[in-house]
$ cat data.cif   # mmCIF, C-alpha atoms
data_start
#
loop_
_atom_site.group_PDB
_atom_site.id
_atom_site.type_symbol
_atom_site.label_atom_id
_atom_site.label_comp_id
_atom_site.auth_asym_id
_atom_site.auth_seq_id
_atom_site.Cartn_x
_atom_site.Cartn_y
_atom_site.Cartn_z
ATOM 1 C CA MET C 24 -28.946 -26.242 46.318
ATOM 2 C CA GLN C 25 -31.235 -26.140 43.281
ATOM 3 C CA ASP C 26 -31.618 -22.393 43.730
ATOM 4 C CA ASN C 27 -27.848 -22.086 43.665
ATOM 5 C CA LEU C 28 -27.667 -24.300 40.574
ATOM 6 C CA GLY C 29 -30.218 -22.100 38.774
ATOM 7 C CA VAL C 30 -28.274 -18.950 39.717
ATOM 8 C CA ILE C 31 -25.027 -20.555 38.560
ATOM 9 C CA ILE C 32 -26.556 -21.609 35.207
ATOM 10 C CA PHE C 33 -28.087 -18.152 34.781
ATOM 11 C CA GLY C 34 -24.746 -16.512 35.672
ATOM 12 C CA VAL C 35 -22.770 -18.723 33.283
ATOM 13 C CA SER C 36 -25.329 -18.067 30.514
ATOM 14 C CA ALA C 37 -25.198 -14.319 31.134
ATOM 15 C CA ILE C 38 -21.381 -14.367 31.085
ATOM 16 C CA ALA C 39 -21.378 -16.413 27.844
ATOM 17 C CA ILE C 40 -23.786 -13.958 26.195
ATOM 18 C CA LEU C 41 -21.699 -11.035 27.447
ATOM 19 C CA VAL C 42 -18.475 -12.605 26.144
ATOM 20 C CA VAL C 43 -20.072 -13.230 22.715
ATOM 21 C CA ALA C 44 -21.399 -9.651 22.593
ATOM 22 C CA ILE C 45 -18.052 -8.162 23.640
ATOM 23 C CA ARG C 46 -16.219 -10.387 21.184
ATOM 24 C CA GLN C 47 -18.596 -9.347 18.376
ATOM 25 C CA ASN C 48 -18.105 -5.641 19.227
ATOM 26 C CA LEU C 49 -14.367 -6.138 19.585
ATOM 27 C CA PHE C 50 -14.129 -7.738 16.130
ATOM 28 C CA GLN C 51 -16.294 -4.963 14.654
ATOM 29 C CA ASP C 52 -14.140 -2.288 16.328
ATOM 30 C CA VAL C 53 -10.956 -3.891 14.996
ATOM 31 C CA ASN C 54 -12.512 -4.159 11.527
ATOM 32 C CA ASP C 55 -13.556 -0.477 11.690
ATOM 33 C CA MET C 56 -10.046 0.516 12.774
ATOM 34 C CA VAL C 57 -8.447 -1.432 9.919
ATOM 35 C CA THR C 58 -10.886 0.124 7.437
ATOM 36 C CA ALA C 59 -10.205 3.621 8.826
ATOM 37 C CA LEU C 60 -6.458 2.997 8.374
ATOM 38 C CA ARG C 61 -7.071 1.929 4.758
ATOM 39 C CA VAL C 62 -9.056 5.109 4.118
ATOM 40 C CA GLY C 63 -6.244 7.135 5.713
ATOM 41 C CA ARG C 64 -3.692 5.428 3.453
ATOM 42 C CA HIS C 65 -5.885 6.067 0.410
ATOM 43 C CA ASN C 66 -6.197 9.757 1.358
ATOM 44 C CA VAL C 67 -2.443 10.191 1.743
ATOM 45 C CA GLU C 68 -1.756 8.410 -1.562
ATOM 46 C CA TYR C 69 -4.458 10.418 -3.349
ATOM 47 C CA GLN C 70 -3.039 13.714 -2.073
ATOM 48 C CA PHE C 71 0.264 12.825 -3.771
ATOM 49 C CA SER C 72 -1.253 11.367 -6.943
ATOM 50 C CA PRO C 73 -4.760 12.706 -7.679
ATOM 51 C CA ASP C 74 -6.681 11.883 -10.855
ATOM 52 C CA ARG C 75 -6.581 15.531 -11.952
ATOM 53 C CA ARG C 76 -3.554 17.708 -11.231
ATOM 54 C CA ARG C 77 -3.258 21.445 -11.355
ATOM 55 C CA PRO C 78 -0.939 22.527 -14.184
ATOM 56 C CA LEU C 79 2.268 24.311 -13.221
ATOM 57 C CA VAL C 80 1.441 27.397 -15.275
ATOM 58 C CA ILE C 81 -2.169 28.556 -15.277
ATOM 59 C CA MET C 82 -1.694 32.229 -16.083
ATOM 60 C CA ASP C 83 -2.483 31.547 -19.746
ATOM 61 C CA LYS C 84 -5.711 29.807 -18.702
ATOM 62 C CA GLU C 85 -6.622 32.755 -16.471
ATOM 63 C CA PHE C 86 -5.944 35.125 -19.374
ATOM 64 C CA GLY C 87 -8.138 33.014 -21.657
ATOM 65 C CA LEU C 88 -10.952 32.935 -19.091
ATOM 66 C CA ARG C 89 -10.726 36.716 -18.728
ATOM 67 C CA GLN C 90 -11.176 36.955 -22.504
ATOM 68 C CA LEU C 91 -14.043 34.457 -22.442
ATOM 69 C CA HIS C 92 -16.074 36.197 -19.706
ATOM 70 C CA PRO C 93 -14.408 39.570 -18.966
ATOM 71 C CA VAL C 94 -17.189 41.071 -16.837
ATOM 72 C CA PHE C 95 -16.951 38.180 -14.380
ATOM 73 C CA PHE C 96 -13.317 37.014 -14.393
ATOM 74 C CA ASN C 97 -11.747 40.497 -14.419
ATOM 75 C CA THR C 98 -13.070 40.968 -10.876
ATOM 76 C CA PHE C 99 -11.061 37.984 -9.577
ATOM 77 C CA ASP C 100 -8.151 38.629 -7.247
ATOM 78 C CA LYS C 101 -5.452 36.141 -6.216
ATOM 79 C CA GLU C 102 -7.609 34.476 -3.532
ATOM 80 C CA ASP C 103 -10.573 34.160 -5.909
ATOM 81 C CA TRP C 104 -8.384 32.445 -8.502
ATOM 82 C CA GLN C 105 -6.978 30.135 -5.819
ATOM 83 C CA GLU C 106 -10.494 29.110 -4.745
ATOM 84 C CA PHE C 107 -11.618 28.751 -8.366
ATOM 85 C CA TRP C 108 -8.708 26.461 -9.300
ATOM 86 C CA ASP C 109 -9.183 24.470 -6.095
ATOM 87 C CA ILE C 110 -12.722 23.647 -7.185
ATOM 88 C CA ILE C 111 -11.413 22.310 -10.499
ATOM 89 C CA TYR C 112 -8.151 20.659 -9.438
ATOM 90 C CA GLY C 113 -8.451 20.294 -5.665
ATOM 91 C CA VAL C 114 -8.720 17.066 -3.717
ATOM 92 C CA HIS C 115 -11.855 17.008 -1.588
ATOM 93 C CA PRO C 116 -13.249 14.551 0.993
ATOM 94 C CA LEU C 117 -16.155 13.160 -1.013
ATOM 95 C CA ILE C 118 -16.510 9.368 -0.699
ATOM 96 C CA SER C 119 -18.620 8.643 2.374
ATOM 97 C CA PHE C 120 -19.352 5.206 3.784
ATOM 98 C CA LYS C 121 -22.355 3.652 5.506
ATOM 99 C CA ASN C 122 -20.373 3.149 8.705
ATOM 100 C CA GLU C 123 -20.003 6.529 10.419
ATOM 101 C CA LYS C 124 -16.810 5.436 12.202
ATOM 102 C CA ILE C 125 -14.964 5.361 8.871
ATOM 103 C CA PRO C 126 -13.578 8.734 7.720
ATOM 104 C CA VAL C 127 -14.491 10.234 4.360
ATOM 105 C CA ALA C 128 -12.165 9.347 1.462
ATOM 106 C CA ASP C 129 -10.646 11.951 -0.872
ATOM 107 C CA ARG C 130 -11.076 12.456 -4.610
ATOM 108 C CA ASN C 131 -11.412 15.199 -7.242
ATOM 109 C CA TYR C 132 -14.801 16.560 -8.238
ATOM 110 C CA SER C 133 -16.206 15.077 -11.439
ATOM 111 C CA ILE C 134 -16.925 17.484 -14.320
ATOM 112 C CA THR C 135 -20.642 17.529 -13.471
ATOM 113 C CA GLU C 136 -19.882 18.208 -9.799
ATOM 114 C CA ILE C 137 -17.502 21.023 -10.772
ATOM 115 C CA GLN C 138 -20.219 22.636 -12.856
ATOM 116 C CA MET C 139 -22.706 22.389 -9.957
ATOM 117 C CA VAL C 140 -20.197 23.811 -7.452
ATOM 118 C CA LEU C 141 -19.263 26.673 -9.789
ATOM 119 C CA ILE C 142 -22.931 27.554 -10.328
ATOM 120 C CA GLU C 143 -23.528 27.435 -6.583
ATOM 121 C CA ARG C 144 -20.390 29.382 -5.637
ATOM 122 C CA TYR C 145 -20.437 31.900 -8.525
ATOM 123 C CA PRO C 146 -24.066 32.196 -9.673
ATOM 124 C CA GLU C 147 -23.425 35.600 -11.255
ATOM 125 C CA GLY C 148 -20.850 34.065 -13.595
ATOM 126 C CA PHE C 149 -22.115 30.554 -14.304
ATOM 127 C CA SER C 150 -25.880 30.319 -13.725
ATOM 128 C CA GLY C 151 -26.663 31.405 -17.289
ATOM 129 C CA PHE C 152 -24.255 28.946 -18.914
ATOM 130 C CA GLY C 153 -25.719 26.678 -21.563
ATOM 131 C CA GLN C 154 -24.082 23.616 -23.118
ATOM 132 C CA GLU C 155 -22.091 25.673 -25.652
ATOM 133 C CA HIS C 156 -20.855 28.014 -22.890
ATOM 134 C CA TRP C 157 -19.638 25.033 -20.868
ATOM 135 C CA LYS C 158 -17.895 23.555 -23.917
ATOM 136 C CA THR C 159 -16.060 26.817 -24.522
ATOM 137 C CA PHE C 160 -15.246 27.073 -20.807
ATOM 138 C CA TRP C 161 -13.822 23.532 -20.639
ATOM 139 C CA LYS C 162 -11.804 24.063 -23.805
ATOM 140 C CA GLU C 163 -10.183 27.059 -22.140
ATOM 141 C CA VAL C 164 -9.624 25.285 -18.812
ATOM 142 C CA PHE C 165 -8.222 22.109 -20.376
ATOM 143 C CA GLY C 166 -6.248 24.033 -22.987
ATOM 144 C CA ILE C 167 -8.004 22.552 -26.015
ATOM 145 C CA ILE C 168 -7.744 25.111 -28.790
ATOM 146 C CA ASP C 169 -10.928 26.033 -30.580
ATOM 147 C CA TYR C 170 -10.213 27.459 -34.020
ATOM 148 C CA LYS C 171 -12.051 30.789 -34.027
ATOM 149 C CA ILE C 172 -10.375 32.361 -37.064
ATOM 150 C CA GLN C 173 -12.919 33.300 -39.704
ATOM 151 C CA VAL C 174 -11.343 33.219 -43.175
ATOM 152 C CA PRO C 175 -13.639 33.693 -46.182
ATOM 153 C CA GLY C 176 -14.038 30.483 -48.172
ATOM 154 C CA LEU C 177 -12.728 28.214 -45.440
ATOM 155 C CA ASP C 178 -15.965 27.734 -43.447
ATOM 156 C CA GLN C 179 -16.019 23.981 -44.070
ATOM 157 C CA ARG C 180 -12.419 23.582 -42.851
ATOM 158 C CA ILE C 181 -13.161 25.702 -39.788
ATOM 159 C CA GLU C 182 -16.247 23.610 -39.005
ATOM 160 C CA SER C 183 -14.221 20.389 -39.282
ATOM 161 C CA GLN C 184 -11.597 21.876 -36.923
ATOM 162 C CA LYS C 185 -14.355 22.816 -34.448
ATOM 163 C CA ASP C 186 -15.791 19.305 -34.670
ATOM 164 C CA LYS C 187 -12.328 17.849 -34.068
ATOM 165 C CA SER C 188 -11.832 20.172 -31.098
ATOM 166 C CA ASP C 189 -15.248 19.225 -29.687
ATOM 167 C CA ARG C 190 -14.450 15.517 -30.030
ATOM 168 C CA ARG C 191 -11.128 16.018 -28.231
ATOM 169 C CA LEU C 192 -12.907 17.881 -25.444
ATOM 170 C CA ASP C 193 -15.606 15.211 -25.131
ATOM 171 C CA LYS C 194 -12.915 12.494 -24.954
ATOM 172 C CA LYS C 195 -10.985 14.432 -22.304
ATOM 173 C CA ILE C 196 -14.086 15.029 -20.163
ATOM 174 C CA LYS C 197 -15.177 11.385 -20.510
ATOM 175 C CA LYS C 198 -11.680 10.124 -19.650
ATOM 176 C CA ASP C 199 -11.490 12.502 -16.677
ATOM 177 C CA ASP C 200 -14.855 11.361 -15.295
ATOM 178 C CA GLN C 201 -13.937 7.695 -15.876
ATOM 179 C CA LYS C 202 -10.729 8.169 -13.871
ATOM 180 C CA ILE C 203 -12.715 9.755 -11.028
ATOM 181 C CA SER C 204 -15.311 6.918 -11.117
ATOM 182 C CA ALA C 205 -12.534 4.320 -11.167
ATOM 183 C CA THR C 206 -10.928 5.971 -8.142
ATOM 184 C CA VAL C 207 -14.215 5.815 -6.231
ATOM 185 C CA SER C 208 -14.694 2.141 -7.154
ATOM 186 C CA GLN C 209 -11.103 1.279 -6.316
ATOM 187 C CA ALA C 210 -11.246 3.095 -2.982
ATOM 188 C CA LYS C 211 -14.465 1.325 -1.998
ATOM 189 C CA ARG C 212 -13.061 -2.036 -3.151
ATOM 190 C CA GLU C 213 -9.780 -1.584 -1.258
ATOM 191 C CA ILE C 214 -11.537 -0.369 1.828
ATOM 192 C CA GLY C 215 -14.135 -3.096 1.716
ATOM 193 C CA GLU C 216 -17.339 -1.072 1.498
#
$ encode --input "data.cif" --output "structure tokens"
Amino acid sequence: MQDNLGVIIFGVSAIAILVVAIRQNLFQDVNDMVTALRVGRHNVEYQFSPDRRRPLVIMDKEFGLRQLHPVFFNTFDKEDWQEFWDIIYGVHPLISFKNEKIPVADRNYSITEIQMVLIERYPEGFSGFGQEHWKTFWKEVFGIIDYKIQVPGLDQRIESQKDKSDRRLDKKIKKDDQKISATVSQAKREIGE
């Protein structure tokens, strides 16, 4: 009888531990599923309203880039331009989470990430770029006009226009990166990671 009582107590204890373990896993699985659905919702919403959108007309930007770096950009065909603009304006799965069951969330590349990807993808065109090259490149991509006209006697005015253009570019890049950072923070906050 005592042997049976010990087996019964052991069995009940084992069942209780098993129920607690299953319940814990079940709650974790439900939590993971809810989080994965939130990430999915974020991804769908971000596809429709990304932080950085591709402009409707980019032919003028392509023309400007061909003028900026003719040896490199004149070799681009339609597919190359498509890939190039996707790096700058595309939505990519970039926000990963500690829990591997949760899918990766989407966002645009930041300016720094774009520069790294461009150097990696097109080393012949971008590996030699210095800070001034990148400034000129971003002015062309974002459509910020740099006053390049050299008129005798107006050097001071031209320099002030360049400074103004540089400040506008710096503001645009900072605002763009802040929007991307805010999206990452918001996605992680909404998702609960």
$ closest_residue --input "data.cif" --among "C:Lys162, C:Trp108, C:Met56, C:Phe50" --to "Pro78 of chain C" --atoms "only C-alpha atoms"
C:Trp108
$ atom_distance --input "data.cif" --atom1 "atom CA of Pro126 of chain C" --atom2 "atom CA of Ser204 of chain C"
19.0 Å
$ resolve_selection --input "data.cif" --expression "the PyMOL selection byres ((chain C and resi 61) around 12)" --output "list in words"
Asn54, Asp55, Met56, Val57, Thr58, Ala59, Leu60, Val62, Gly63, Arg64, His65, Asn66, Val67, Glu68, Ile125, Pro126, Val127, Ala128, Gln209, Ala210, Lys211, Arg212, Glu213, Ile214, Gly215 and Glu216 of chain C
$ resolve_selection --input "data.cif" --expression "the PyMOL selection byres ((chain C and resi 134) around 9)" --output "JSON, numbers by chain"
{"C": [111, 132, 133, 135, 136, 137, 138, 139, 196, 197, 199, 200]}
$ atom_distance --input "data.cif" --atom1 "atom CA of Ser119 of chain C" --atom2 "atom CA of Ile142 of chain C"
23.2 Å
$ atom_distance --input "data.cif" --atom1 "atom CA of Pro116 of chain C" --atom2 "atom CA of Asp52 of chain C"
22.8 Å
$ resolve_selection --input "data.cif" --expression "the PyMOL selection byres ((chain C and resi 87) around 12)" --output "PyMOL selection string"
chain C and resi 81-86+88-93+96-97+159-169
$ axis_aligned_box --input "data.cif" --around "segment 123-136 of chain C" --padding-each-side "4 Å" --output "AutoDock Vina command-line options"
--center_x -15.6 --center_y 11.8 --center_z -1.1 --size_x 18.0 --size_y 20.8 --size_z 34.5
$ decode --input "data.cif" --residues "segment 77-152 of chain C" --atoms "C-alpha atoms" --output "mmCIF file, in the first residue's frame"
data_model
loop_
_atom_site.group_PDB
_atom_site.id
_atom_site.type_symbol
_atom_site.label_atom_id
_atom_site.label_comp_id
_atom_site.auth_asym_id
_atom_site.auth_seq_id
_atom_site.Cartn_x
_atom_site.Cartn_y
_atom_site.Cartn_z
ATOM 1 C CA ARG C 77 11.501 56.368 -54.319
ATOM 2 C CA PRO C 78 10.620 59.510 -56.296
ATOM 3 C CA LEU C 79 8.300 59.101 -59.270
ATOM 4 C CA VAL C 80 10.807 60.565 -61.720
ATOM 5 C CA ILE C 81 14.449 59.628 -61.234
ATOM 6 C CA MET C 82 15.743 60.111 -64.764
ATOM 7 C CA ASP C 83 17.071 63.555 -63.826
ATOM 8 C CA LYS C 84 18.924 62.011 -60.874
ATOM 9 C CA GLU C 85 20.377 59.321 -63.145
ATOM 10 C CA PHE C 86 21.482 62.024 -65.591
ATOM 11 C CA GLY C 87 23.110 63.973 -62.756
ATOM 12 C CA LEU C 88 24.902 60.865 -61.477
ATOM 13 C CA ARG C 89 26.166 60.149 -64.994
ATOM 14 C CA GLN C 90 27.604 63.677 -65.035
ATOM 15 C CA LEU C 91 29.076 63.248 -61.554
ATOM 16 C CA HIS C 92 30.887 59.951 -62.254
ATOM 17 C CA PRO C 93 30.627 59.238 -66.011
ATOM 18 C CA VAL C 94 33.149 56.387 -66.179
ATOM 19 C CA PHE C 95 31.137 54.379 -63.654
ATOM 20 C CA PHE C 96 27.476 55.337 -64.144
ATOM 21 C CA ASN C 97 27.537 55.332 -67.964
ATOM 22 C CA THR C 98 28.004 51.552 -67.813
ATOM 23 C CA PHE C 99 24.691 51.074 -65.961
ATOM 24 C CA ASP C 100 21.823 49.401 -67.774
ATOM 25 C CA LYS C 101 18.177 49.283 -66.665
ATOM 26 C CA GLU C 102 18.711 46.383 -64.230
ATOM 27 C CA ASP C 103 21.775 48.053 -62.693
ATOM 28 C CA TRP C 104 19.800 51.244 -62.083
ATOM 29 C CA GLN C 105 16.947 49.217 -60.579
ATOM 30 C CA GLU C 106 19.340 47.499 -58.152
ATOM 31 C CA PHE C 107 21.083 50.792 -57.363
ATOM 32 C CA TRP C 108 17.825 52.602 -56.532
ATOM 33 C CA ASP C 109 16.621 49.611 -54.515
ATOM 34 C CA ILE C 110 19.659 49.961 -52.270
ATOM 35 C CA ILE C 111 18.791 53.611 -51.631
ATOM 36 C CA TYR C 112 14.987 53.499 -51.519
ATOM 37 C CA GLY C 113 14.157 49.818 -51.046
ATOM 38 C CA VAL C 114 12.579 48.226 -48.002
ATOM 39 C CA HIS C 115 14.772 45.468 -46.607
ATOM 40 C CA PRO C 116 14.338 42.926 -43.781
ATOM 41 C CA LEU C 117 16.816 44.367 -41.293
ATOM 42 C CA ILE C 118 15.491 44.400 -37.710
ATOM 43 C CA SER C 119 16.274 41.031 -36.143
ATOM 44 C CA PHE C 120 15.151 39.879 -32.715
ATOM 45 C CA LYS C 121 16.714 37.708 -30.025
ATOM 46 C CA ASN C 122 13.970 35.111 -30.400
ATOM 47 C CA GLU C 123 14.606 33.163 -33.609
ATOM 48 C CA LYS C 124 10.911 32.274 -33.971
ATOM 49 C CA ILE C 125 10.095 35.923 -34.701
ATOM 50 C CA PRO C 126 10.554 36.978 -38.349
ATOM 51 C CA VAL C 127 12.811 39.861 -39.331
ATOM 52 C CA ALA C 128 11.132 43.287 -39.529
ATOM 53 C CA ASP C 129 11.455 45.602 -42.541
ATOM 54 C CA ARG C 130 12.974 49.069 -42.831
ATOM 55 C CA ASN C 131 15.054 51.240 -45.181
ATOM 56 C CA TYR C 132 18.833 51.293 -44.976
ATOM 57 C CA SER C 133 20.257 54.240 -43.049
ATOM 58 C CA ILE C 134 22.597 56.602 -44.933
ATOM 59 C CA THR C 135 25.662 54.940 -43.390
ATOM 60 C CA GLU C 136 24.355 51.481 -44.313
ATOM 61 C CA ILE C 137 23.669 52.648 -47.877
ATOM 62 C CA GLN C 138 27.235 53.878 -48.190
ATOM 63 C CA MET C 139 28.589 50.540 -46.896
ATOM 64 C CA VAL C 140 26.347 48.521 -49.241
ATOM 65 C CA LEU C 141 27.288 50.680 -52.237
ATOM 66 C CA ILE C 142 31.001 50.281 -51.477
ATOM 67 C CA GLU C 143 30.539 46.533 -51.100
ATOM 68 C CA ARG C 144 28.350 46.108 -54.193
ATOM 69 C CA TYR C 145 30.149 48.617 -56.464
ATOM 70 C CA PRO C 146 33.739 48.880 -55.192
ATOM 71 C CA GLU C 147 34.971 50.182 -58.553
ATOM 72 C CA GLY C 148 32.669 53.195 -58.268
ATOM 73 C CA PHE C 149 32.513 53.983 -54.555
ATOM 74 C CA SER C 150 35.572 52.602 -52.739
ATOM 75 C CA GLY C 151 37.597 55.758 -53.404
ATOM 76 C CA PHE C 152 34.881 58.143 -52.208
#
